[in-house]
Each structure stands twice: as structure tokens, then as C-alpha cells.
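Structure below is run-v9.txt: compact mmCIF, C-alpha atoms and all ligand atoms.
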```txt
# COMPACT_ATOMS: atom_id res chain seq x y z
CA MET S 24 0.00 0.00 0.00
CA VAL S 25 1.49 3.31 -1.07
CA ALA S 26 1.09 6.16 1.41
CA PRO S 27 -0.79 9.16 0.05
CA HIS S 28 1.46 11.96 -1.09
CA GLN S 29 0.93 15.48 0.16
CA ILE S 30 0.33 17.80 -2.78
CA GLU S 31 1.99 21.16 -2.59
CA ILE S 32 1.37 23.51 -5.50
CA PRO S 33 4.35 25.80 -6.17
CA LYS S 34 3.55 29.53 -6.14
CA GLU S 35 4.31 29.97 -9.83
CA LEU S 36 1.91 27.18 -10.80
CA ALA S 37 -0.77 28.50 -8.45
CA ARG S 38 -0.44 31.89 -10.13
CA LEU S 39 -0.82 30.39 -13.59
CA LEU S 40 -3.91 28.41 -12.58
CA ALA S 41 -5.46 31.35 -10.73
CA GLY S 42 -5.77 33.10 -14.08
CA ARG S 43 -7.93 30.20 -15.32
CA GLN S 44 -10.30 29.97 -12.37
CA GLU S 45 -13.32 31.51 -14.02
CA LEU S 46 -13.00 29.35 -17.11
CA ILE S 47 -12.41 26.21 -15.03
CA ARG S 48 -15.60 26.87 -13.08
CA ALA S 49 -17.57 27.44 -16.27
CA THR S 50 -16.34 24.33 -18.11
CA LYS S 51 -18.26 21.06 -18.02
CA GLY S 52 -16.38 17.98 -16.94
CA PHE S 53 -15.51 15.40 -14.37
CA MET S 54 -12.31 16.76 -12.84
CA PRO S 55 -12.51 18.14 -9.29
CA GLN S 56 -10.24 21.14 -8.75
CA ASP S 57 -7.88 19.38 -6.35
CA GLU S 58 -7.30 16.64 -8.92
CA GLY S 59 -6.92 19.16 -11.74
CA LYS S 60 -4.25 21.01 -9.80
CA ALA S 61 -2.45 17.75 -9.08
CA LEU S 62 -2.59 16.91 -12.79
CA ALA S 63 -1.09 20.28 -13.64
CA LEU S 64 1.61 19.72 -11.02
CA ALA S 65 2.50 16.38 -12.58
CA LEU S 66 3.24 18.03 -15.92
CA TYR S 67 4.90 21.00 -14.19
CA ASP S 68 7.34 18.54 -12.63
CA CYS S 69 8.23 17.06 -16.01
CA ASP S 70 11.86 17.99 -16.58
CA LEU S 71 12.19 16.51 -20.06
CA PRO S 72 13.17 18.73 -23.02
CA ASN S 73 10.28 20.76 -24.39
CA ASP S 74 10.29 19.00 -27.75
CA VAL S 75 9.05 15.83 -26.04
CA PRO S 76 5.26 16.16 -26.31
CA ALA S 77 2.57 15.51 -23.76
CA VAL S 78 -0.49 13.51 -24.75
CA GLU S 79 -3.99 13.52 -23.29
CA ILE S 80 -6.45 10.78 -24.19
CA GLY S 81 -10.03 11.90 -23.67
CA SER S 82 -10.53 15.62 -24.31
CA TYR S 83 -14.32 15.84 -23.79
CA VAL S 84 -14.89 19.62 -23.70
CA GLY S 85 -11.47 20.48 -22.33
CA LEU S 86 -11.58 20.84 -18.56
CA SER S 87 -8.47 18.75 -17.91
CA THR S 88 -6.92 20.27 -21.03
CA ILE S 89 -7.05 23.69 -19.36
CA TYR S 90 -4.93 22.35 -16.50
CA LEU S 91 -2.45 20.52 -18.72
CA GLY S 92 -2.41 23.14 -21.45
CA THR S 93 -1.68 25.97 -19.03
CA VAL S 94 1.51 24.20 -17.97
CA ALA S 95 2.38 22.99 -21.46
CA LYS S 96 2.13 26.54 -22.78
CA GLU S 97 4.55 27.75 -20.11
CA GLN S 98 6.95 24.92 -20.94
CA MET S 99 6.50 25.58 -24.67
CA ARG S 100 5.71 21.88 -24.93
CA PRO S 101 3.16 20.63 -27.44
CA LEU S 102 0.13 18.95 -25.90
CA VAL S 103 -1.72 16.54 -28.14
CA SER S 104 -5.31 15.93 -27.05
CA VAL S 105 -6.89 12.85 -28.59
CA ASP S 106 -10.64 12.20 -28.74
CA HIS S 107 -13.09 11.04 -31.39
CA HIS S 108 -15.46 13.54 -29.81
CA ARG S 109 -18.44 11.19 -30.05
CA GLY S 110 -18.46 10.53 -26.32
CA SER S 111 -17.36 7.44 -24.43
CA GLN S 112 -19.80 4.65 -23.72
CA GLU S 113 -20.68 6.20 -20.36
CA ASN S 114 -21.59 9.47 -22.11
CA GLN S 115 -24.16 7.92 -24.42
CA ALA S 116 -27.94 8.27 -23.99
CA GLY S 117 -29.21 6.12 -21.14
CA TRP S 118 -25.83 6.04 -19.35
CA GLU S 119 -24.86 7.74 -16.13
CA TYR S 120 -22.73 10.53 -17.63
CA HIS S 121 -24.92 11.49 -20.57
CA ASP S 122 -25.46 15.19 -21.26
CA PRO S 123 -28.25 15.63 -23.84
CA THR S 124 -27.09 19.17 -24.63
CA LEU S 125 -23.99 17.64 -26.23
CA VAL S 126 -25.95 15.73 -28.85
CA ASP S 127 -25.76 17.16 -32.38
CA PRO S 128 -29.43 17.42 -33.42
CA ILE S 129 -28.58 16.77 -37.07
CA SER S 130 -26.48 13.63 -36.73
CA GLY S 131 -28.08 12.53 -33.46
CA LYS S 132 -24.58 11.75 -32.19
CA MET S 133 -22.58 13.19 -29.34
CA ASP S 134 -20.33 16.02 -30.51
CA THR S 135 -17.92 17.60 -28.05
CA LEU S 136 -15.53 19.01 -30.65
CA TYR S 137 -16.92 22.50 -31.09
CA LEU S 138 -17.08 23.05 -27.34
CA PHE S 139 -13.55 21.74 -26.97
CA ARG S 140 -12.32 24.26 -29.55
CA ARG S 141 -14.19 26.99 -27.76
CA THR S 142 -12.53 26.05 -24.47
CA LEU S 143 -9.10 26.21 -26.10
CA GLU S 144 -9.87 29.63 -27.58
CA LEU S 145 -11.08 30.99 -24.26
CA ALA S 146 -8.01 29.56 -22.51
CA GLN S 147 -5.71 30.97 -25.20
CA LEU S 148 -4.36 27.50 -25.78
CA ALA S 149 -5.10 27.13 -29.48
CA ASP S 150 -1.38 27.36 -30.30
CA THR S 151 -0.36 24.92 -27.57
CA VAL S 152 -2.88 22.12 -27.94
CA ILE S 153 -2.95 19.95 -31.04
CA ILE S 154 -6.47 18.63 -31.51
CA ALA S 155 -6.45 15.03 -32.70
CA VAL S 156 -9.95 13.99 -33.72
CA ALA S 157 -9.44 10.26 -33.82
CA ASP S 158 -9.84 6.97 -32.11
CA SER S 159 -6.77 6.77 -29.85
CA GLN S 160 -5.66 3.34 -31.09
CA THR S 161 -5.81 4.41 -34.74
CA PHE S 162 -3.98 7.64 -34.04
CA ALA S 163 -1.29 5.83 -32.03
CA LYS S 164 -0.36 3.85 -35.13
CA ALA S 165 0.32 7.10 -36.98
CA PHE S 166 2.20 8.68 -34.07
CA SER S 167 5.82 7.62 -33.99
CA GLY S 168 8.31 8.94 -31.50
CA GLU S 169 8.45 9.24 -27.75
CA ILE S 170 6.22 11.18 -25.40
CA GLY S 171 7.12 12.68 -22.05
CA PHE S 172 3.73 12.71 -20.40
CA LEU S 173 0.58 10.67 -20.91
CA PHE S 174 -2.80 11.29 -19.32
CA ILE S 175 -5.34 8.49 -19.77
CA ASP S 176 -8.95 9.57 -19.28
CA GLY S 177 -10.68 8.08 -22.30
CA GLY S 178 -13.21 5.26 -22.42
CA HIS S 179 -13.64 3.69 -19.00
CA GLY S 180 -14.64 0.21 -20.19
CA ILE S 181 -12.11 -2.58 -19.62
CA ASP S 182 -11.32 -3.04 -23.33
CA GLU S 183 -11.16 0.68 -24.19
CA ALA S 184 -8.91 1.46 -21.23
CA ARG S 185 -6.59 -1.45 -21.98
CA THR S 186 -6.35 -0.42 -25.62
CA ASP S 187 -5.43 3.15 -24.66
CA TYR S 188 -2.76 1.79 -22.32
CA GLU S 189 -1.25 -0.65 -24.80
CA SER S 190 -1.34 1.86 -27.66
CA TRP S 191 0.33 4.72 -25.82
CA VAL S 192 2.21 3.71 -22.67
CA PRO S 193 5.07 2.08 -24.65
CA LYS S 194 5.72 5.52 -26.19
CA ILE S 195 6.57 7.09 -22.81
CA THR S 196 10.27 7.87 -22.58
CA GLN S 197 12.49 7.14 -19.56
CA GLY S 198 11.76 9.78 -16.92
CA GLY S 199 8.34 10.47 -18.41
CA HIS S 200 5.07 10.39 -16.52
CA LEU S 201 1.84 8.44 -16.77
CA ALA S 202 -1.30 9.93 -15.20
CA ILE S 203 -4.53 7.95 -14.93
CA HIS S 204 -7.87 9.39 -13.90
CA ASP S 205 -10.75 7.66 -12.10
CA VAL S 206 -8.64 5.14 -10.22
CA PHE S 207 -10.92 3.61 -7.62
CA PRO S 208 -9.38 0.78 -5.57
CA ASP S 209 -12.83 0.26 -4.01
CA PRO S 210 -15.21 -1.11 -6.68
CA ALA S 211 -18.13 0.41 -4.75
CA LEU S 212 -16.83 3.88 -5.69
CA GLY S 213 -16.27 3.40 -9.41
CA GLY S 214 -15.45 1.18 -12.39
CA GLN S 215 -12.29 -0.88 -12.16
CA ALA S 216 -10.70 -0.39 -15.59
CA PRO S 217 -8.50 2.60 -14.65
CA PHE S 218 -7.48 0.86 -11.42
CA LEU S 219 -6.34 -2.16 -13.43
CA LEU S 220 -4.20 0.10 -15.62
CA TYR S 221 -2.68 1.67 -12.53
CA GLN S 222 -1.82 -1.71 -11.03
CA ARG S 223 -0.34 -2.84 -14.32
CA ALA S 224 1.86 0.25 -14.63
CA LEU S 225 3.28 -0.32 -11.15
CA VAL S 226 4.62 -3.71 -12.23
CA GLU S 227 5.77 -2.44 -15.63
CA GLY S 228 8.45 0.04 -14.62
CA PHE S 229 6.49 2.94 -13.14
CA HIS S 230 6.49 4.21 -9.58
CA GLU S 231 3.87 6.42 -8.02
CA THR S 232 4.60 10.11 -7.51
CA ILE S 233 1.17 11.69 -6.95
CA ALA S 234 -2.13 10.41 -5.57
CA GLN S 235 -4.94 12.94 -5.33
CA GLY S 236 -8.57 11.84 -5.21
CA SER S 237 -8.93 9.38 -8.08
CA LEU S 238 -5.87 10.72 -9.92
CA ARG S 239 -2.68 8.68 -9.91
CA VAL S 240 0.60 9.80 -11.44
CA MET S 241 3.59 7.55 -11.97
CA ARG S 242 7.08 8.08 -13.30
CA LYS S 243 8.86 5.70 -15.61
CA ASP S 244 12.36 4.95 -14.49
CA SER S 245 14.53 2.06 -13.53
CA LYS S 246 15.18 3.25 -9.95
MG MG S 301 -12.12 11.15 -15.78
```
What would you get if you wrote out this structure as C-alpha cells?
Amino acid sequence: MVAPHQIEIPKELARLLAGRQELIRATKGFMPQDEGKALALALYDCDLPNDVPAVEIGSYVGLSTIYLGTVAKEQMRPLVSVDHHRGSQENQAGWEYHDPTLVDPISGKMDTLYLFRRTLELAQLADTVIIAVADSQTFAKAFSGEIGFLFIDGGHGIDEARTDYESWVPKITQGGHLAIHDVFPDPALGGQAPFLLYQRALVEGFHETIAQGSLRVMRKDSK
């Protein structure tokens, strides 16, 4: 059992995020502020060269992207945010996290892309965040090279989560970080797919650096 880590947000990071407060409050999503700050801290602590990109899987309408993008912009590091923008299974009609206002009345499908772009514009992150409108597995095949930071918050089904992991985690360079959202060791509190990824990472060369709410961050190194 890993002891919880105390999160301390450096003053400079707190200042950067303070400028985003209003937008963060106004943006739909499933990222409590304490977890968002911890996510930002994880990227803030990334000491890899700024040409090593960060990747987010699961953009939705951009709440977590505000946290990551704010730091990426400061680091002058590209942040690639991958999402097919049709909603995960749990966002579809009849499921727990469905929002009917996000259904395109013409196609009848979920469409989070235009709101995501709007969030990036409002956050002044359009030049920092590369929008990848794609299934993450398909996009991974076209994405060669290493990444310094990976945030997995895509589909929360067992198969979708495993596919995200297997498509992208091997691209993380030594010293890079893996962040996983919605890790619930207690099945009564949430689905188990992200927790399984977390457990797998711990036996595949990662060690935990941050635990905040359901967010877990791990670093890849041989130590
Ligand atoms: Mg999540």
C-alpha cells in the first residue's frame, strides 16, 4: 500500500492556474479542482526537453486540457489531445454521464468538438494544444516517437482502457510520466478499468509520484 502523497502547488503554478479559475468553473467535466491542480503539477514537474510532447487521451470539452495546457504553454511543450469527440460509452444516452445538450441534433450523435475548440480559444491555448480527432488506437499507429507525459482519461470500459494503455504507454520515454484518472481501488466507488491500468503500470516500470482523489501519477524509471 502506497502512502498518500501530500500535494503542494508551487507559487508559480498556483499563479498560472489562478488566471484560469473563471474558465475552469464554467467548463463542463468530471475533474474536481484538487485533482486538476495535481494533474497540472505532474506536468509541471516534467523535466524533459520541451520537444518531447505531452499527450492527453479523452478531451471531452477540455476541462483537464485547461490544467495541462496551461503548464504545457509555459513549458512551450506541445500537448496533443486525442478524442473522437463522439463521447465514451458512459456518455451515451441512457448512461450515467450522458449530457443531452452535447448531442448534435442533425447527426443525433454526441459532438464535443466544437465546445472543446471553444474552451481552447477561451483559454488561449489554441497554439499549444494539437487537436487530434481520432480513435486513440488508430492515431497511435500514426504517431511515432516518444512522449514525455501521458494522461489516460478516455473510455472507461475494460477493453477501451486497456487499448489506450497498450497503444500509448510504450511511447513514454524514460523519466516520463503516466497519469490515470478515475482510479478507484474500491469497486463500490467506481469502475475498475483505470485501477487495473494503474496496477499494471506499477509492475511495468512505473512508480507512483502523486495520488490525489482518483488521480494517480507515476514516473517511468529504472530506480
Ligand atoms: Mg475522468
Please identify the residues whose atoms come within 12 Å of ligand MG 301 (chain S), using all atoms listed in the file, and report them as a PDB file with C-alpha atoms, in the frame of the given file.
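Produced file part.pdb, reproduced below:
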```pdb
ATOM      1  CA  LYS S  51     -18.260  21.060 -18.020  1.00  0.00           C
ATOM      2  CA  GLY S  52     -16.380  17.980 -16.940  1.00  0.00           C
ATOM      3  CA  PHE S  53     -15.510  15.400 -14.370  1.00  0.00           C
ATOM      4  CA  MET S  54     -12.310  16.760 -12.840  1.00  0.00           C
ATOM      5  CA  PRO S  55     -12.510  18.140  -9.290  1.00  0.00           C
ATOM      6  CA  GLU S  58      -7.300  16.640  -8.920  1.00  0.00           C
ATOM      7  CA  GLY S  59      -6.920  19.160 -11.740  1.00  0.00           C
ATOM      8  CA  LEU S  62      -2.590  16.910 -12.790  1.00  0.00           C
ATOM      9  CA  GLU S  79      -3.990  13.520 -23.290  1.00  0.00           C
ATOM     10  CA  ILE S  80      -6.450  10.780 -24.190  1.00  0.00           C
ATOM     11  CA  GLY S  81     -10.030  11.900 -23.670  1.00  0.00           C
ATOM     12  CA  SER S  82     -10.530  15.620 -24.310  1.00  0.00           C
ATOM     13  CA  TYR S  83     -14.320  15.840 -23.790  1.00  0.00           C
ATOM     14  CA  VAL S  84     -14.890  19.620 -23.700  1.00  0.00           C
ATOM     15  CA  GLY S  85     -11.470  20.480 -22.330  1.00  0.00           C
ATOM     16  CA  LEU S  86     -11.580  20.840 -18.560  1.00  0.00           C
ATOM     17  CA  SER S  87      -8.470  18.750 -17.910  1.00  0.00           C
ATOM     18  CA  THR S  88      -6.920  20.270 -21.030  1.00  0.00           C
ATOM     19  CA  SER S 111     -17.360   7.440 -24.430  1.00  0.00           C
ATOM     20  CA  GLU S 113     -20.680   6.200 -20.360  1.00  0.00           C
ATOM     21  CA  ASN S 114     -21.590   9.470 -22.110  1.00  0.00           C
ATOM     22  CA  TYR S 120     -22.730  10.530 -17.630  1.00  0.00           C
ATOM     23  CA  PHE S 174      -2.800  11.290 -19.320  1.00  0.00           C
ATOM     24  CA  ILE S 175      -5.340   8.490 -19.770  1.00  0.00           C
ATOM     25  CA  ASP S 176      -8.950   9.570 -19.280  1.00  0.00           C
ATOM     26  CA  GLY S 177     -10.680   8.080 -22.300  1.00  0.00           C
ATOM     27  CA  GLY S 178     -13.210   5.260 -22.420  1.00  0.00           C
ATOM     28  CA  HIS S 179     -13.640   3.690 -19.000  1.00  0.00           C
ATOM     29  CA  ALA S 184      -8.910   1.460 -21.230  1.00  0.00           C
ATOM     30  CA  ALA S 202      -1.300   9.930 -15.200  1.00  0.00           C
ATOM     31  CA  ILE S 203      -4.530   7.950 -14.930  1.00  0.00           C
ATOM     32  CA  HIS S 204      -7.870   9.390 -13.900  1.00  0.00           C
ATOM     33  CA  ASP S 205     -10.750   7.660 -12.100  1.00  0.00           C
ATOM     34  CA  VAL S 206      -8.640   5.140 -10.220  1.00  0.00           C
ATOM     35  CA  PHE S 207     -10.920   3.610  -7.620  1.00  0.00           C
ATOM     36  CA  GLY S 213     -16.270   3.400  -9.410  1.00  0.00           C
ATOM     37  CA  GLY S 214     -15.450   1.180 -12.390  1.00  0.00           C
ATOM     38  CA  ALA S 216     -10.700  -0.390 -15.590  1.00  0.00           C
ATOM     39  CA  PRO S 217      -8.500   2.600 -14.650  1.00  0.00           C
ATOM     40  CA  GLY S 236      -8.570  11.840  -5.210  1.00  0.00           C
ATOM     41  CA  SER S 237      -8.930   9.380  -8.080  1.00  0.00           C
ATOM     42  CA  LEU S 238      -5.870  10.720  -9.920  1.00  0.00           C
ATOM     43  CA  ARG S 239      -2.680   8.680  -9.910  1.00  0.00           C
TER      44      ARG S 239
END
```
Between CA of Gly171 in chain S and CA of Ile195 in chain S lies a distance of 5.7 Å
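The two atoms in question, CA of Ala234 in chain S and CA of Ile153 in chain S, are spaced 27.2 Å apart.
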Report as a Markdown table: every residue of range 104-207 of chain S with an atom at most 10 Å from range 65-78 of chain S, its closest pair of atoms, and their distance in Å to one decimal, counting all atoms listed in the file, with rows sorted by chain and ascending residue number.
```
| residue | atom | partner | partner_atom | distance |
| --- | --- | --- | --- | --- |
| S:Ser104 | CA | S:Val78 | CA | 5.9 |
| S:Val105 | CA | S:Val78 | CA | 7.5 |
| S:Val152 | CA | S:Val78 | CA | 9.5 |
| S:Ile153 | CA | S:Val78 | CA | 9.3 |
| S:Gly168 | CA | S:Val75 | CA | 8.8 |
| S:Glu169 | CA | S:Val75 | CA | 6.8 |
| S:Ile170 | CA | S:Pro76 | CA | 5.2 |
| S:Gly171 | CA | S:Val75 | CA | 5.4 |
| S:Phe172 | CA | S:Ala77 | CA | 4.5 |
| S:Leu173 | CA | S:Val78 | CA | 4.9 |
| S:Phe174 | CA | S:Val78 | CA | 6.3 |
| S:Ile175 | CA | S:Val78 | CA | 8.6 |
| S:Trp191 | CA | S:Val78 | CA | 8.9 |
| S:Ile195 | CA | S:Ala77 | CA | 9.4 |
| S:Thr196 | CA | S:Val75 | CA | 8.8 |
| S:Gln197 | CA | S:Leu71 | CA | 9.4 |
| S:Gly198 | CA | S:Leu71 | CA | 7.4 |
| S:Gly199 | CA | S:Cys69 | CA | 7.0 |
| S:His200 | CA | S:Cys69 | CA | 7.4 |
| S:Leu201 | CA | S:Ala65 | CA | 9.0 |
| S:Ala202 | CA | S:Ala65 | CA | 7.9 |
```
Which one of S:Leu40, S:Ala49, S:Ile32, S:Leu102 sits closest to Leu138 in chain S if you count all atoms listed in the file?
S:Ala49
Rounded to one decimal place, report the CA of Val240 in chain S-CA of Pro193 in chain S distance in Å.
15.9 Å
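Nearest to Gln112 in chain S of all the residues S:Leu212, S:Met99, S:Met133, S:Leu219 is S:Met133, counting all atoms listed in the file.
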Just the residues within 12 Å of Thr161 in chain S, please, counting all atoms listed in the file, with nothing from its chain fewer than 4 positions along; format it as a ChimeraX atom specification.
/S:105-107,155-157,165-166,186-187,190-191
Using all atoms listed in the file, the shortest atom-to-atom distance to Gly110 in chain S among S:Thr232, S:Ser159, S:Thr135, S:Gln56 belongs to S:Thr135
